[in-house]
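Student: So here's my_file_32.cif (mmCIF, C-alpha atoms).
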data_target
#
loop_
_atom_site.label_atom_id
_atom_site.label_comp_id
_atom_site.auth_asym_id
_atom_site.auth_seq_id
_atom_site.Cartn_x
_atom_site.Cartn_y
_atom_site.Cartn_z
CA MET A 1 0.00 0.00 0.00
CA ILE A 2 1.41 3.37 -1.04
CA LYS A 3 1.56 5.88 1.77
CA GLU A 4 3.44 8.78 0.29
CA MET A 5 1.86 12.18 -0.11
CA ARG A 6 1.36 13.48 -3.63
CA GLU A 7 3.69 16.23 -4.79
CA PRO A 8 1.22 19.17 -5.09
CA THR A 9 -0.13 18.51 -1.59
CA PHE A 10 3.39 18.37 -0.19
CA LEU A 11 4.24 21.66 -1.90
CA VAL A 12 1.11 23.39 -0.56
CA LEU A 13 1.87 22.24 2.99
CA ALA A 14 5.52 23.23 2.60
CA THR A 15 4.42 26.68 1.41
CA LEU A 16 2.17 27.07 4.44
CA ALA A 17 5.04 26.04 6.74
CA GLU A 18 6.34 29.57 6.17
CA GLY A 19 3.22 31.03 7.78
CA LYS A 20 -0.35 31.93 6.92
CA LYS A 21 -1.05 32.63 3.26
CA HIS A 22 -4.02 33.42 1.03
CA GLY A 23 -5.05 31.63 -2.19
CA TYR A 24 -2.86 33.34 -4.75
CA ALA A 25 0.11 33.50 -2.35
CA ILE A 26 -0.10 29.71 -2.05
CA ILE A 27 -0.07 29.36 -5.87
CA GLN A 28 3.01 31.59 -5.99
CA GLY A 29 4.67 29.72 -3.13
CA VAL A 30 4.15 26.36 -4.82
CA ALA A 31 5.53 27.67 -8.13
CA SER A 32 8.55 29.12 -6.34
CA LEU A 33 9.26 25.98 -4.25
CA SER A 34 9.02 23.75 -7.30
CA GLU A 35 11.09 26.18 -9.40
CA GLY A 36 8.18 26.63 -11.79
CA GLU A 37 7.62 22.90 -12.29
CA VAL A 38 4.23 22.83 -10.55
CA GLU A 39 1.76 25.51 -11.54
CA LEU A 40 -1.39 25.05 -9.47
CA LYS A 41 -4.63 25.96 -11.23
CA ALA A 42 -7.12 27.90 -9.15
CA GLY A 43 -9.70 25.08 -9.28
CA THR A 44 -7.11 22.53 -8.17
CA LEU A 45 -6.02 24.84 -5.35
CA TYR A 46 -9.56 25.16 -3.95
CA ALA A 47 -10.14 21.41 -4.23
CA MET A 48 -6.99 20.91 -2.17
CA LEU A 49 -7.82 23.63 0.35
CA ASP A 50 -11.30 22.13 0.88
CA ARG A 51 -9.89 18.64 1.31
CA LEU A 52 -7.06 19.66 3.64
CA SER A 53 -9.43 21.82 5.72
CA PHE A 54 -11.92 18.96 5.96
CA ASP A 55 -9.16 16.62 7.15
CA GLY A 56 -8.00 19.13 9.76
CA VAL A 57 -4.56 19.56 8.16
CA ILE A 58 -4.98 23.30 7.51
CA GLU A 59 -7.44 25.88 8.78
CA SER A 60 -8.75 29.26 7.76
CA VAL A 61 -7.38 31.87 10.16
CA GLY A 62 -8.77 35.15 8.90
CA GLU A 63 -9.81 37.41 6.07
CA GLU A 64 -8.94 40.84 4.84
CA ILE A 65 -9.95 43.08 1.97
CA VAL A 66 -7.06 44.27 -0.21
CA ASP A 67 -7.81 46.56 -3.19
CA GLY A 68 -11.47 45.58 -2.92
CA ARG A 69 -10.64 41.86 -3.05
CA LEU A 70 -11.31 39.34 -0.36
CA ARG A 71 -8.32 37.37 0.85
CA ARG A 72 -8.83 34.39 3.13
CA TYR A 73 -5.76 33.16 4.94
CA TYR A 74 -4.82 29.57 5.72
CA GLU A 75 -2.26 28.01 8.01
CA LEU A 76 -1.15 24.56 9.12
CA THR A 77 -2.89 23.04 12.13
CA SER A 78 -0.82 21.10 14.66
CA GLU A 79 -1.89 17.93 12.89
CA GLY A 80 -0.81 19.43 9.54
CA THR A 81 2.56 20.43 10.99
CA LYS A 82 3.07 16.88 12.23
CA LEU A 83 2.02 15.40 8.87
CA LEU A 84 4.37 17.68 6.93
CA ALA A 85 7.25 16.93 9.32
CA GLU A 86 6.73 13.18 8.92
CA GLU A 87 6.50 13.39 5.13
CA SER A 88 9.59 15.63 4.95
CA LYS A 89 11.58 13.19 7.09
CA ARG A 90 10.47 10.30 4.89
CA ARG A 91 11.53 12.15 1.75
CA VAL A 92 14.90 13.13 3.25
CA LYS A 93 15.52 9.54 4.32
CA VAL A 94 14.77 8.18 0.82
CA SER A 95 16.82 10.94 -0.81
CA ASN A 96 19.79 10.25 1.47
CA ILE A 97 19.71 6.58 0.62
CA ALA A 98 19.53 7.41 -3.09
CA LEU A 99 22.42 9.88 -2.84
CA ARG A 100 24.54 7.39 -0.88
CA ARG A 101 23.94 4.77 -3.53
CA LEU A 102 24.77 7.16 -6.35
CA ARG A 103 28.05 8.07 -4.64
CA PHE A 104 28.76 4.38 -4.20
CA VAL A 105 28.46 3.77 -7.96
CA GLY A 106 30.28 6.96 -8.77
CA GLY A 107 27.25 9.03 -9.79
CA PHE A 108 28.04 11.90 -7.42
CA ALA A 109 31.33 13.38 -6.31
CA MET B 1 -17.86 46.08 -12.65
CA THR B 2 -15.43 45.35 -15.52
CA GLN B 3 -16.25 42.80 -18.20
CA ASP B 4 -13.51 40.47 -16.94
CA LEU B 5 -14.81 40.58 -13.40
CA ALA B 6 -18.35 39.90 -14.59
CA ARG B 7 -17.12 36.92 -16.62
CA THR B 8 -15.16 35.60 -13.66
CA ARG B 9 -18.20 35.92 -11.39
CA LYS B 10 -20.27 33.96 -13.90
CA LEU B 11 -18.01 30.96 -13.25
CA LEU B 12 -19.43 30.81 -9.75
CA SER B 13 -22.77 29.69 -11.16
CA PHE B 14 -21.19 26.24 -11.53
CA TYR B 15 -21.10 26.01 -7.71
CA PRO B 16 -24.05 25.34 -5.38
CA LYS B 17 -25.47 28.47 -3.76
CA ALA B 18 -24.18 27.58 -0.28
CA TYR B 19 -20.64 27.14 -1.57
CA ARG B 20 -20.86 30.36 -3.59
CA GLU B 21 -21.85 32.31 -0.52
CA GLU B 22 -19.05 30.77 1.55
CA ARG B 23 -16.14 30.84 -0.92
CA GLY B 24 -17.28 32.75 -4.02
CA GLU B 25 -15.61 36.12 -3.35
CA GLU B 26 -12.39 34.43 -2.32
CA ILE B 27 -12.23 32.39 -5.55
CA VAL B 28 -12.97 35.46 -7.69
CA SER B 29 -10.17 37.36 -5.96
CA THR B 30 -7.69 34.52 -6.52
CA LEU B 31 -8.69 34.27 -10.17
CA GLN B 32 -8.24 38.01 -10.64
CA GLU B 33 -4.81 37.99 -9.01
CA ALA B 34 -3.80 35.00 -11.12
CA ALA B 35 -5.15 36.63 -14.30
CA GLU B 36 -3.05 39.75 -13.68
CA ALA B 37 0.11 37.72 -13.25
CA ARG B 38 -0.28 35.02 -15.85
CA VAL B 39 -0.37 34.85 -19.63
CA PRO B 40 -3.92 34.77 -21.09
CA ARG B 41 -3.80 31.04 -21.85
CA ALA B 42 -2.86 30.16 -18.26
CA SER B 43 -5.61 32.44 -17.03
CA LEU B 44 -8.13 30.59 -19.22
CA SER B 45 -7.05 27.20 -17.83
CA ASP B 46 -7.46 28.68 -14.32
CA GLN B 47 -11.05 29.56 -15.20
CA VAL B 48 -11.72 26.12 -16.68
CA SER B 49 -10.34 24.43 -13.55
CA VAL B 50 -12.58 26.61 -11.35
CA ALA B 51 -15.63 25.71 -13.47
CA LEU B 52 -14.78 21.99 -13.37
CA TYR B 53 -14.33 22.05 -9.61
CA GLY B 54 -17.71 23.80 -9.38
CA VAL B 55 -19.31 20.91 -11.25
CA ARG B 56 -17.62 18.47 -8.87
CA VAL B 57 -18.89 20.34 -5.81
CA ARG B 58 -22.38 20.50 -7.28
CA LEU B 59 -22.42 16.75 -8.02
CA GLY B 60 -20.89 15.87 -4.66
CA LEU B 61 -17.79 14.42 -6.34
CA THR B 62 -15.24 15.83 -3.91
CA SER B 63 -13.00 13.90 -1.56
CA GLU B 64 -15.01 15.05 1.49
CA THR B 65 -18.34 13.55 0.43
CA MET B 66 -19.55 9.97 0.66
CA PHE B 67 -19.93 9.82 -3.14
CA GLY B 68 -16.35 11.01 -3.60
CA LYS B 69 -14.97 8.61 -0.98
CA ALA B 70 -16.95 5.72 -2.48
CA LEU B 71 -15.61 6.52 -5.97
CA ASP B 72 -12.10 6.58 -4.53
CA ILE B 73 -12.65 3.14 -2.97
CA ALA B 74 -14.25 1.77 -6.17
CA ALA B 75 -11.66 3.22 -8.59
CA ILE B 76 -8.89 0.60 -8.71
CA PRO B 77 -11.22 -2.38 -7.96
CA GLY B 78 -13.39 -1.19 -10.87
CA LEU B 79 -10.44 -1.34 -13.27
CA VAL B 80 -9.45 -4.76 -11.94
CA MET B 81 -13.05 -5.94 -12.30
CA GLY B 82 -12.92 -4.77 -15.93
CA ALA B 83 -9.70 -6.70 -16.59
CA PHE B 84 -11.11 -9.89 -15.04
CA PHE B 85 -14.30 -9.43 -17.05
CA GLY B 86 -12.09 -9.25 -20.14
CA VAL B 87 -10.34 -12.47 -19.12
CA TYR B 88 -13.74 -14.09 -18.63
CA LEU B 89 -14.92 -12.98 -22.10
CA LEU B 90 -11.68 -14.28 -23.59
CA ILE B 91 -11.94 -17.69 -21.90
CA SER B 92 -15.68 -18.10 -22.35
CA GLY B 93 -16.33 -16.30 -25.59
CA ASP B 94 -13.24 -16.03 -27.75
CA LEU B 95 -11.04 -19.08 -27.08
CA PRO B 96 -13.80 -21.71 -27.60
CA VAL B 97 -14.52 -20.39 -31.09
CA VAL B 98 -10.85 -20.40 -32.18
CA ASN B 99 -11.04 -24.03 -33.31
CA SER B 100 -14.78 -24.07 -33.90
CA ARG B 101 -16.19 -25.46 -37.14
CA PHE B 102 -19.16 -23.09 -36.93
CA PHE B 103 -17.40 -19.73 -36.67
CA TYR B 104 -15.19 -18.05 -39.21
CA PRO B 105 -12.37 -16.00 -37.63
CA HIS B 106 -12.40 -12.31 -38.47
CA PHE B 107 -9.46 -11.07 -36.42
CA GLY B 108 -6.45 -13.40 -36.38
CA PRO B 109 -7.68 -16.63 -34.82
CA PHE B 110 -10.51 -14.77 -33.07
CA LEU B 111 -14.03 -13.87 -34.05
CA THR B 112 -13.70 -10.23 -32.92
CA VAL B 113 -11.09 -7.66 -31.89
CA GLY B 114 -12.23 -8.20 -28.26
CA PRO B 115 -8.97 -9.91 -27.13
CA LEU B 116 -7.11 -6.74 -28.06
CA PHE B 117 -9.38 -4.68 -25.76
CA TYR B 118 -8.95 -7.17 -22.92
CA LEU B 119 -5.18 -6.97 -23.31
CA VAL B 120 -5.37 -3.17 -23.07
CA TRP B 121 -7.33 -3.47 -19.80
CA ILE B 122 -4.94 -6.05 -18.34
CA LEU B 123 -1.99 -3.78 -19.13
CA GLY B 124 -3.92 -0.78 -17.79
CA VAL B 125 -4.71 -2.53 -14.53
CA SER B 126 -1.07 -3.59 -14.09
CA ALA B 127 -0.09 0.06 -14.51
CA ALA B 128 -2.85 1.29 -12.16
CA LEU B 129 -1.78 -1.15 -9.43
CA GLU B 130 1.82 0.02 -9.78
CA TRP B 131 1.06 3.75 -10.10
CA PRO B 132 -2.38 4.31 -8.52
CA GLN B 133 -1.85 8.08 -8.59
CA TYR B 134 -2.27 7.93 -12.39
CA ARG B 135 -5.48 5.91 -12.26
CA ARG B 136 -7.54 8.65 -13.94
CA ARG B 137 -5.25 8.87 -16.96
CA ILE B 138 -4.92 5.09 -17.19
CA ALA B 139 -8.71 4.64 -17.06
CA GLY B 140 -9.12 7.37 -19.67
CA VAL B 141 -6.69 5.64 -22.03
CA CYS B 142 -8.31 2.19 -21.56
CA MET B 143 -11.82 3.59 -22.03
CA THR B 144 -10.92 5.70 -25.06
CA LEU B 145 -9.06 2.88 -26.83
CA THR B 146 -11.97 0.51 -26.17
CA ILE B 147 -14.66 2.94 -27.39
CA VAL B 148 -12.70 4.00 -30.49
CA GLY B 149 -11.72 0.38 -31.20
CA GLU B 150 -15.32 -0.79 -30.85
CA PHE B 151 -16.49 1.95 -33.21
CA PHE B 152 -14.03 1.05 -35.98
CA ALA B 153 -14.41 -2.71 -35.41
CA LYS B 154 -18.17 -2.33 -35.78
CA LEU B 155 -17.69 -0.80 -39.22
CA ALA B 156 -15.86 -3.97 -40.24
CA HIS B 157 -18.21 -6.32 -38.32
CA ARG B 158 -15.40 -7.47 -36.05
CA ASN B 159 -16.67 -5.92 -32.84
CA PRO B 160 -17.55 -7.66 -29.58
CA ASN B 161 -21.14 -7.27 -28.40
CA ILE B 162 -21.70 -3.59 -27.64
CA TRP B 163 -23.39 -4.29 -24.26
CA GLU B 164 -20.38 -6.23 -22.99
CA ILE B 165 -18.16 -3.37 -24.08
CA ALA B 166 -20.52 -0.91 -22.35
CA ILE B 167 -20.06 -2.83 -19.07
CA LEU B 168 -16.28 -2.92 -19.57
CA VAL B 169 -16.02 0.80 -20.29
CA SER B 170 -18.34 1.73 -17.38
CA LEU B 171 -16.02 -0.03 -14.96
CA GLY B 172 -13.43 2.65 -15.69
CA LEU B 173 -15.79 5.46 -14.73
CA PRO B 174 -15.05 5.40 -10.95
CA SER B 175 -11.35 6.01 -11.71
CA LEU B 176 -12.23 8.77 -14.14
CA LEU B 177 -14.63 10.54 -11.76
CA ALA B 178 -12.95 9.88 -8.40
CA PRO B 179 -11.58 13.02 -6.76
CA ASP B 180 -7.87 13.53 -6.34
CA VAL B 181 -6.69 12.41 -2.92
CA TYR B 182 -3.33 13.07 -1.37
CA VAL B 183 -2.65 9.47 -0.49
CA THR B 184 -3.56 7.14 -3.36
CA ARG B 185 -3.85 3.54 -2.23
CA ARG B 186 -3.13 0.55 -4.41
CA ARG B 187 -5.74 -1.65 -2.71
CA VAL B 188 -4.18 -4.75 -4.30
CA ILE B 189 -5.87 -7.41 -2.16
CA PRO B 190 -9.42 -5.93 -2.19
CA SER B 191 -9.11 -5.19 -5.92
CA LEU B 192 -7.94 -8.69 -6.82
CA SER B 193 -10.68 -10.14 -4.58
CA VAL B 194 -13.32 -8.10 -6.42
CA GLY B 195 -11.86 -9.17 -9.78
CA LEU B 196 -11.68 -12.86 -8.86
CA ALA B 197 -15.21 -12.80 -7.39
CA THR B 198 -16.49 -11.26 -10.64
CA PHE B 199 -14.70 -13.87 -12.73
CA ALA B 200 -15.87 -16.77 -10.54
CA THR B 201 -19.49 -15.53 -10.49
CA LEU B 202 -19.59 -15.13 -14.27
CA PHE B 203 -17.74 -18.37 -14.96
CA PHE B 204 -19.80 -20.60 -12.68
CA ALA B 205 -23.14 -18.85 -13.12
CA THR B 206 -23.22 -18.92 -16.91
CA ASP B 207 -23.41 -22.15 -18.89
CA THR B 208 -20.20 -21.65 -20.82
CA ARG B 209 -18.66 -24.92 -19.63
CA VAL B 210 -21.71 -26.91 -20.62
CA ASN B 211 -22.00 -25.41 -24.10
CA PRO B 212 -18.53 -24.34 -25.21
CA GLY B 213 -18.78 -22.06 -28.22
CA PHE B 214 -22.38 -21.16 -27.43
CA PHE B 215 -21.24 -18.09 -25.53
CA ASN B 216 -19.46 -15.70 -27.82
CA SER B 217 -18.67 -12.07 -27.78
CA PHE B 218 -20.01 -11.27 -31.26
CA TYR B 219 -23.60 -12.47 -31.19
CA TRP B 220 -26.30 -11.86 -28.59
CA SER B 221 -25.77 -15.13 -26.72
CA GLY B 222 -22.93 -13.96 -24.45
CA THR B 223 -24.75 -10.95 -23.08
CA TYR B 224 -27.93 -12.98 -22.78
CA GLU B 225 -26.06 -15.54 -20.65
CA ILE B 226 -24.92 -12.77 -18.30
CA VAL B 227 -28.30 -11.04 -18.10
CA ARG B 228 -30.13 -14.34 -17.51
CA ARG B 229 -28.32 -14.82 -14.18
CA GLN B 230 -28.46 -11.16 -13.25
CA PRO B 231 -31.39 -11.43 -10.74
CA TYR B 232 -29.33 -13.68 -8.43
CA VAL B 233 -26.41 -11.29 -8.61
CA ASP B 234 -28.71 -8.31 -8.02
CA VAL B 235 -30.15 -9.90 -4.89
CA PHE B 236 -26.64 -10.60 -3.58
CA LEU B 237 -25.33 -7.12 -4.39
CA LEU B 238 -28.30 -5.31 -2.89
CA ALA B 239 -28.18 -7.48 0.24
CA LEU B 240 -24.46 -6.71 0.52
CA PHE B 241 -25.20 -3.00 0.15
CA ALA B 242 -27.91 -3.15 2.84
CA VAL B 243 -25.70 -5.05 5.31
CA LEU B 244 -22.74 -2.72 4.81
CA TRP B 245 -24.98 0.36 5.04
CA ILE B 246 -26.68 -0.82 8.24
CA THR B 247 -23.35 -1.76 9.83
CA LYS B 248 -22.18 1.81 9.14
CA ARG B 249 -19.63 0.84 6.51
CA ARG B 250 -21.41 3.23 4.21
CA GLU B 251 -18.51 4.26 2.01
CA VAL B 252 -17.72 0.62 1.20
CA ALA B 253 -21.46 -0.04 0.68
CA SER B 254 -21.63 2.87 -1.74
CA ALA B 255 -18.52 1.63 -3.58
CA ALA B 256 -20.16 -1.81 -3.96
CA LEU B 257 -23.29 -0.20 -5.38
CA ILE B 258 -21.25 1.92 -7.79
CA LEU B 259 -19.40 -1.16 -9.07
CA SER B 260 -22.65 -3.04 -9.54
CA SER B 261 -24.17 -0.20 -11.62
CA PRO B 262 -23.21 -1.35 -15.14
CA TRP B 263 -24.37 -4.92 -14.48
CA ILE B 264 -27.72 -3.86 -13.01
CA ILE B 265 -28.39 -1.30 -15.77
CA VAL B 266 -27.46 -3.68 -18.60
CA GLY B 267 -29.63 -6.35 -16.94
CA VAL B 268 -32.66 -4.24 -17.92
CA ALA B 269 -31.40 -2.15 -20.84
CA TYR B 270 -30.15 -5.10 -22.92
CA PRO B 271 -33.45 -7.06 -23.08
CA MET B 272 -35.30 -3.78 -23.63
CA SER B 273 -33.20 -3.22 -26.75
CA LEU B 274 -34.42 -6.52 -28.21
CA GLN B 275 -37.98 -7.12 -29.30
CA TYR B 276 -37.89 -10.88 -28.76
CA LEU B 277 -36.55 -10.83 -25.19
CA GLN B 278 -38.69 -10.04 -22.17
CA VAL B 279 -37.33 -7.97 -19.32
CA ASP B 280 -37.03 -10.02 -16.14
CA THR B 281 -39.23 -8.51 -13.40
CA LEU B 282 -36.56 -9.22 -10.78
CA ASN B 283 -34.03 -7.25 -12.83
CA VAL B 284 -36.46 -4.31 -12.87
CA PHE B 285 -36.81 -4.48 -9.08
CA GLY B 286 -33.02 -4.65 -8.89
CA LEU B 287 -32.76 -1.50 -11.00
CA ILE B 288 -35.31 0.34 -8.82
CA ALA B 289 -33.47 -0.67 -5.62
CA TRP B 290 -30.19 0.42 -7.22
CA ALA B 291 -31.71 3.80 -8.16
CA VAL B 292 -32.95 4.29 -4.56
CA GLY B 293 -29.49 3.43 -3.22
CA MET B 294 -27.75 5.80 -5.63
CA THR B 295 -30.20 8.59 -4.77
CA LEU B 296 -29.35 8.04 -1.11
CA ILE B 297 -25.62 8.36 -1.85
CA VAL B 298 -26.02 11.44 -4.05
CA THR B 299 -28.39 13.14 -1.58
CA THR B 300 -26.09 12.60 1.38
CA SER B 301 -23.19 13.95 -0.70
CA ARG B 302 -24.71 17.35 -1.38
CA TYR B 303 -22.67 20.32 -0.26
CA HIS B 304 -23.35 21.52 3.25
CA PRO B 305 -21.75 24.75 4.42
CA ARG B 306 -19.30 24.31 7.26
CA PRO B 307 -19.80 26.25 10.48
CA PRO B 308 -17.63 29.37 10.33
CA THR B 309 -14.32 29.18 12.16
CA PRO B 310 -14.00 31.89 14.79
CA VAL B 311 -11.13 34.11 13.66
CA ASP B 312 -9.20 36.98 15.08
CA LEU B 313 -9.17 39.70 12.42
CA SER B 314 -7.13 42.18 14.47
CA THR B 315 -3.79 40.87 13.20
CA PHE B 316 -4.88 41.27 9.58
CA ASN B 317 -6.72 44.54 9.64
CA SER B 318 -4.40 46.54 11.85
CA GLY B 319 -2.82 49.01 9.42
CA PRO B 320 -1.05 52.32 9.93
#
The structure in this file should be written as structure tokens.

Tutor:
Amino acid sequence: MIKEMREPTFLVLATLAEGKKHGYAIIQGVASLSEGEVELKAGTLYAMLDRLSFDGVIESVGEEIVDGRLRRYYELTSEGTKLLAEESKRRVKVSNIALRRLRFVGGFA
Amino acid sequence: MTQDLARTRKLLSFYPKAYREERGEEIVSTLQEAAEARVPRASLSDQVSVALYGVRVRLGLTSETMFGKALDIAAIPGLVMGAFFGVYLLISGDLPVVNSRFFYPHFGPFLTVGPLFYLVWILGVSAALEWPQYRRRIAGVCMTLTIVGEFFAKLAHRNPNIWEIAILVSLGLPSLLAPDVYVTRRRVIPSLSVGLATFATLFFATDTRVNPGFFNSFYWSGTYEIVRRQPYVDVFLLALFAVLWITKRREVASAALILSSPWIIVGVAYPMSLQYLQVDTLNVFGLIAWAVGMTLIVTTSRYHPRPPTPVDLSTFNSGP
């Protein structure tokens, strides 16, 4: 059974690890973290925000009006922080193993 | 209000009213910010994605609803069920006519192009079990190849029975419609169990062993064999649904009902399409019970606004 988190979800949570952010700031954060590889569409973003809020991983923490536009802010819950930490550790562990093996066969200096 | 803003707001009509009231302004703002920063084509795909998500919310096809969760559970088992159905059709319908004196092969040693479709589904299922996160694309490829293949094969009279293909293609729908989830499970054991149970039921319930060559995927006889035993299967499936629902395993119950949909529908639709075949009354009752069950799932999956989270606005609105 696969247990790993999918990449866009990981990137959204990693973006929110920096602090509370609103919709478009999350899209920008994901694009920046992935160096432009992952470009979240607005519909995909709201599907993810709904799902993560429902599962108690993130929560809405406030709203403000900027230039006549409503911004709603989201941040990680304690459960979300724990989930992100676990997933990050898992990814680091796998990456370290991969890097060690590549060095062993001469792939990395 | 500018024309762009008005057009963006129109997209909200795809969402149910309760969702619009809760999230509408926020989505419009995000779309506007994205539109200002992105090239026009990216902005258009943003709008399309918002509209599509609106349709999902309206139909209850999100990962928070029972319908969405049931589709997620049914997705991979549905594909596996399709592959095992293909194996059944191959063993019962195509292989017995290979050496038959009564049938003239039209596609290699086979009567139809069916074996090619079944191979596509077997390969698709192998891929879906290995990479479940791509189940939607895999299902889309299998379904498209089967539909297009059936269309062209029909022109050359080398197509398997269209009702069998309809069942096969429908079994990919849960994967196609299931919402994205952040942990995609392979569900190898439950999926293989569902596939084997389907194969065993079809193999032992139909008379293919008694009359080899009688069942074939080109003429009406194969589908008739399946539909003839459908009432027993309907009773079992609906009893299973009731037991799972009562014992509060409602997402699994809903998944079972979703996977039984093509069989139950074809059980009535196929005889109705033929003048010389009467519709079995038990199959009609099965269809009604199925419709009630599906209505229950869809109704309970309608969008309900969440209670507002108490928030402290002071940190956001305190400006100079």

Student: What are the residues of chain A that have an atom within 6 Å of an atom of chain B, counting all atoms listed in the file, as a list in words?

Tutor: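 Listing them in order of chain and number gives Met1, Ile2, Lys3, Met5, Arg6, Gly23, Tyr24, Lys41, Ala42, Gly43, Val61, Gly62, Arg69, Leu70 and Arg71 of chain A.
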
Student: How would the residues just picked look written out with C-alpha atoms as an mmCIF file, in the coordinates of the input?

Tutor:
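Saved file selection.cif follows:
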data_model
loop_
_atom_site.group_PDB
_atom_site.id
_atom_site.type_symbol
_atom_site.label_atom_id
_atom_site.label_comp_id
_atom_site.auth_asym_id
_atom_site.auth_seq_id
_atom_site.Cartn_x
_atom_site.Cartn_y
_atom_site.Cartn_z
ATOM 1 C CA MET A 1 0.000 0.000 0.000
ATOM 2 C CA ILE A 2 1.410 3.370 -1.040
ATOM 3 C CA LYS A 3 1.560 5.880 1.770
ATOM 4 C CA MET A 5 1.860 12.180 -0.110
ATOM 5 C CA ARG A 6 1.360 13.480 -3.630
ATOM 6 C CA GLY A 23 -5.050 31.630 -2.190
ATOM 7 C CA TYR A 24 -2.860 33.340 -4.750
ATOM 8 C CA LYS A 41 -4.630 25.960 -11.230
ATOM 9 C CA ALA A 42 -7.120 27.900 -9.150
ATOM 10 C CA GLY A 43 -9.700 25.080 -9.280
ATOM 11 C CA VAL A 61 -7.380 31.870 10.160
ATOM 12 C CA GLY A 62 -8.770 35.150 8.900
ATOM 13 C CA ARG A 69 -10.640 41.860 -3.050
ATOM 14 C CA LEU A 70 -11.310 39.340 -0.360
ATOM 15 C CA ARG A 71 -8.320 37.370 0.850
#

Student: Write out as a PyMOL selection string the residues lying within 9 Å of range 33-40 of chain A, counting all atoms listed in the file and excluding same-chain residues fewer than 6 positions away.

Tutor: (chain A and resi 7-8+11+14-15+26-27) or (chain B and resi 46)

Student: Please provide the set of residues having any atom within 8 Å of Phe110 in chain B, restricted to only C-alpha atoms, with same-chain residues fewer than 2 positions apart removed, written as a VMD selection string.

Tutor: chain B and resid 94 to 95 97 to 98 105 to 108 112 to 113 115

Student: Expand the PyMOL selection byres ((chain A and resi 75) around 8) into the explicit residue set it covers here, and present it as a PDB file with C-alpha atoms, in the frame of the given file.

Tutor:
ATOM      1  CA  LEU A  16       2.170  27.070   4.440  1.00  0.00           C
ATOM      2  CA  ALA A  17       5.040  26.040   6.740  1.00  0.00           C
ATOM      3  CA  GLY A  19       3.220  31.030   7.780  1.00  0.00           C
ATOM      4  CA  LYS A  20      -0.350  31.930   6.920  1.00  0.00           C
ATOM      5  CA  LYS A  21      -1.050  32.630   3.260  1.00  0.00           C
ATOM      6  CA  ILE A  58      -4.980  23.300   7.510  1.00  0.00           C
ATOM      7  CA  GLU A  59      -7.440  25.880   8.780  1.00  0.00           C
ATOM      8  CA  SER A  60      -8.750  29.260   7.760  1.00  0.00           C
ATOM      9  CA  VAL A  61      -7.380  31.870  10.160  1.00  0.00           C
ATOM     10  CA  TYR A  73      -5.760  33.160   4.940  1.00  0.00           C
ATOM     11  CA  TYR A  74      -4.820  29.570   5.720  1.00  0.00           C
ATOM     12  CA  LEU A  76      -1.150  24.560   9.120  1.00  0.00           C
ATOM     13  CA  THR A  77      -2.890  23.040  12.130  1.00  0.00           C
TER      14      THR A  77
END

Student: Which residues fall under the PyMOL selection byres ((chain B and resi 17) around 12) in this file, as a PDB file with C-alpha atoms, in the coordinates of the input?

Tutor:
ATOM      1  CA  LEU B  12     -19.430  30.810  -9.750  1.00  0.00           C
ATOM      2  CA  SER B  13     -22.770  29.690 -11.160  1.00  0.00           C
ATOM      3  CA  PHE B  14     -21.190  26.240 -11.530  1.00  0.00           C
ATOM      4  CA  TYR B  15     -21.100  26.010  -7.710  1.00  0.00           C
ATOM      5  CA  PRO B  16     -24.050  25.340  -5.380  1.00  0.00           C
ATOM      6  CA  ALA B  18     -24.180  27.580  -0.280  1.00  0.00           C
ATOM      7  CA  TYR B  19     -20.640  27.140  -1.570  1.00  0.00           C
ATOM      8  CA  ARG B  20     -20.860  30.360  -3.590  1.00  0.00           C
ATOM      9  CA  GLU B  21     -21.850  32.310  -0.520  1.00  0.00           C
ATOM     10  CA  GLU B  22     -19.050  30.770   1.550  1.00  0.00           C
ATOM     11  CA  ARG B  23     -16.140  30.840  -0.920  1.00  0.00           C
ATOM     12  CA  GLY B  24     -17.280  32.750  -4.020  1.00  0.00           C
ATOM     13  CA  GLY B  54     -17.710  23.800  -9.380  1.00  0.00           C
ATOM     14  CA  VAL B  57     -18.890  20.340  -5.810  1.00  0.00           C
ATOM     15  CA  ARG B  58     -22.380  20.500  -7.280  1.00  0.00           C
ATOM     16  CA  ARG B 302     -24.710  17.350  -1.380  1.00  0.00           C
ATOM     17  CA  TYR B 303     -22.670  20.320  -0.260  1.00  0.00           C
ATOM     18  CA  HIS B 304     -23.350  21.520   3.250  1.00  0.00           C
ATOM     19  CA  PRO B 305     -21.750  24.750   4.420  1.00  0.00           C
TER      20      PRO B 305
END

Student: Care to translate the PyMOL selection byres ((chain B and resi 88) around 12) into actual residues of this file, as a PyMOL selection string?

Tutor: chain B and resi 81-87+89-96+114-115+118+122+164+168+195-206+208-209+215-217+222+226

Student: Draw an axis-aligned box tight on the listed atoms of range 129-144 of chain B, then pad every side by 6 Å and write out centre and edge lengths in Å to one decimal as AutoDock Vina command-line options.

Tutor:
--center_x -5.0 --center_y 3.9 --center_z -16.8 --size_x 25.6 --size_y 22.0 --size_z 28.5

Student: Just to confirm, what's the straight-line distance from CA of Ala178 in chain B to CA of Leu71 in chain B in Å (one decimal)?

Tutor: 4.9 Å

Student: At a cut-off of 10 Å from (-21.4, 0.2, -14.4) in the coordinates of the file, what residues are picked up using all atoms listed in the file, written as a list in words?

Tutor: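 Taken together, the residues in range are Gly78, Gly82, Ala166, Ile167, Leu168, Val169, Ser170, Leu171, Gly172, Leu173, Pro174, Leu257, Ile258, Leu259, Ser260, Ser261, Pro262, Trp263, Ile264, Ile265 and Val266 of chain B.
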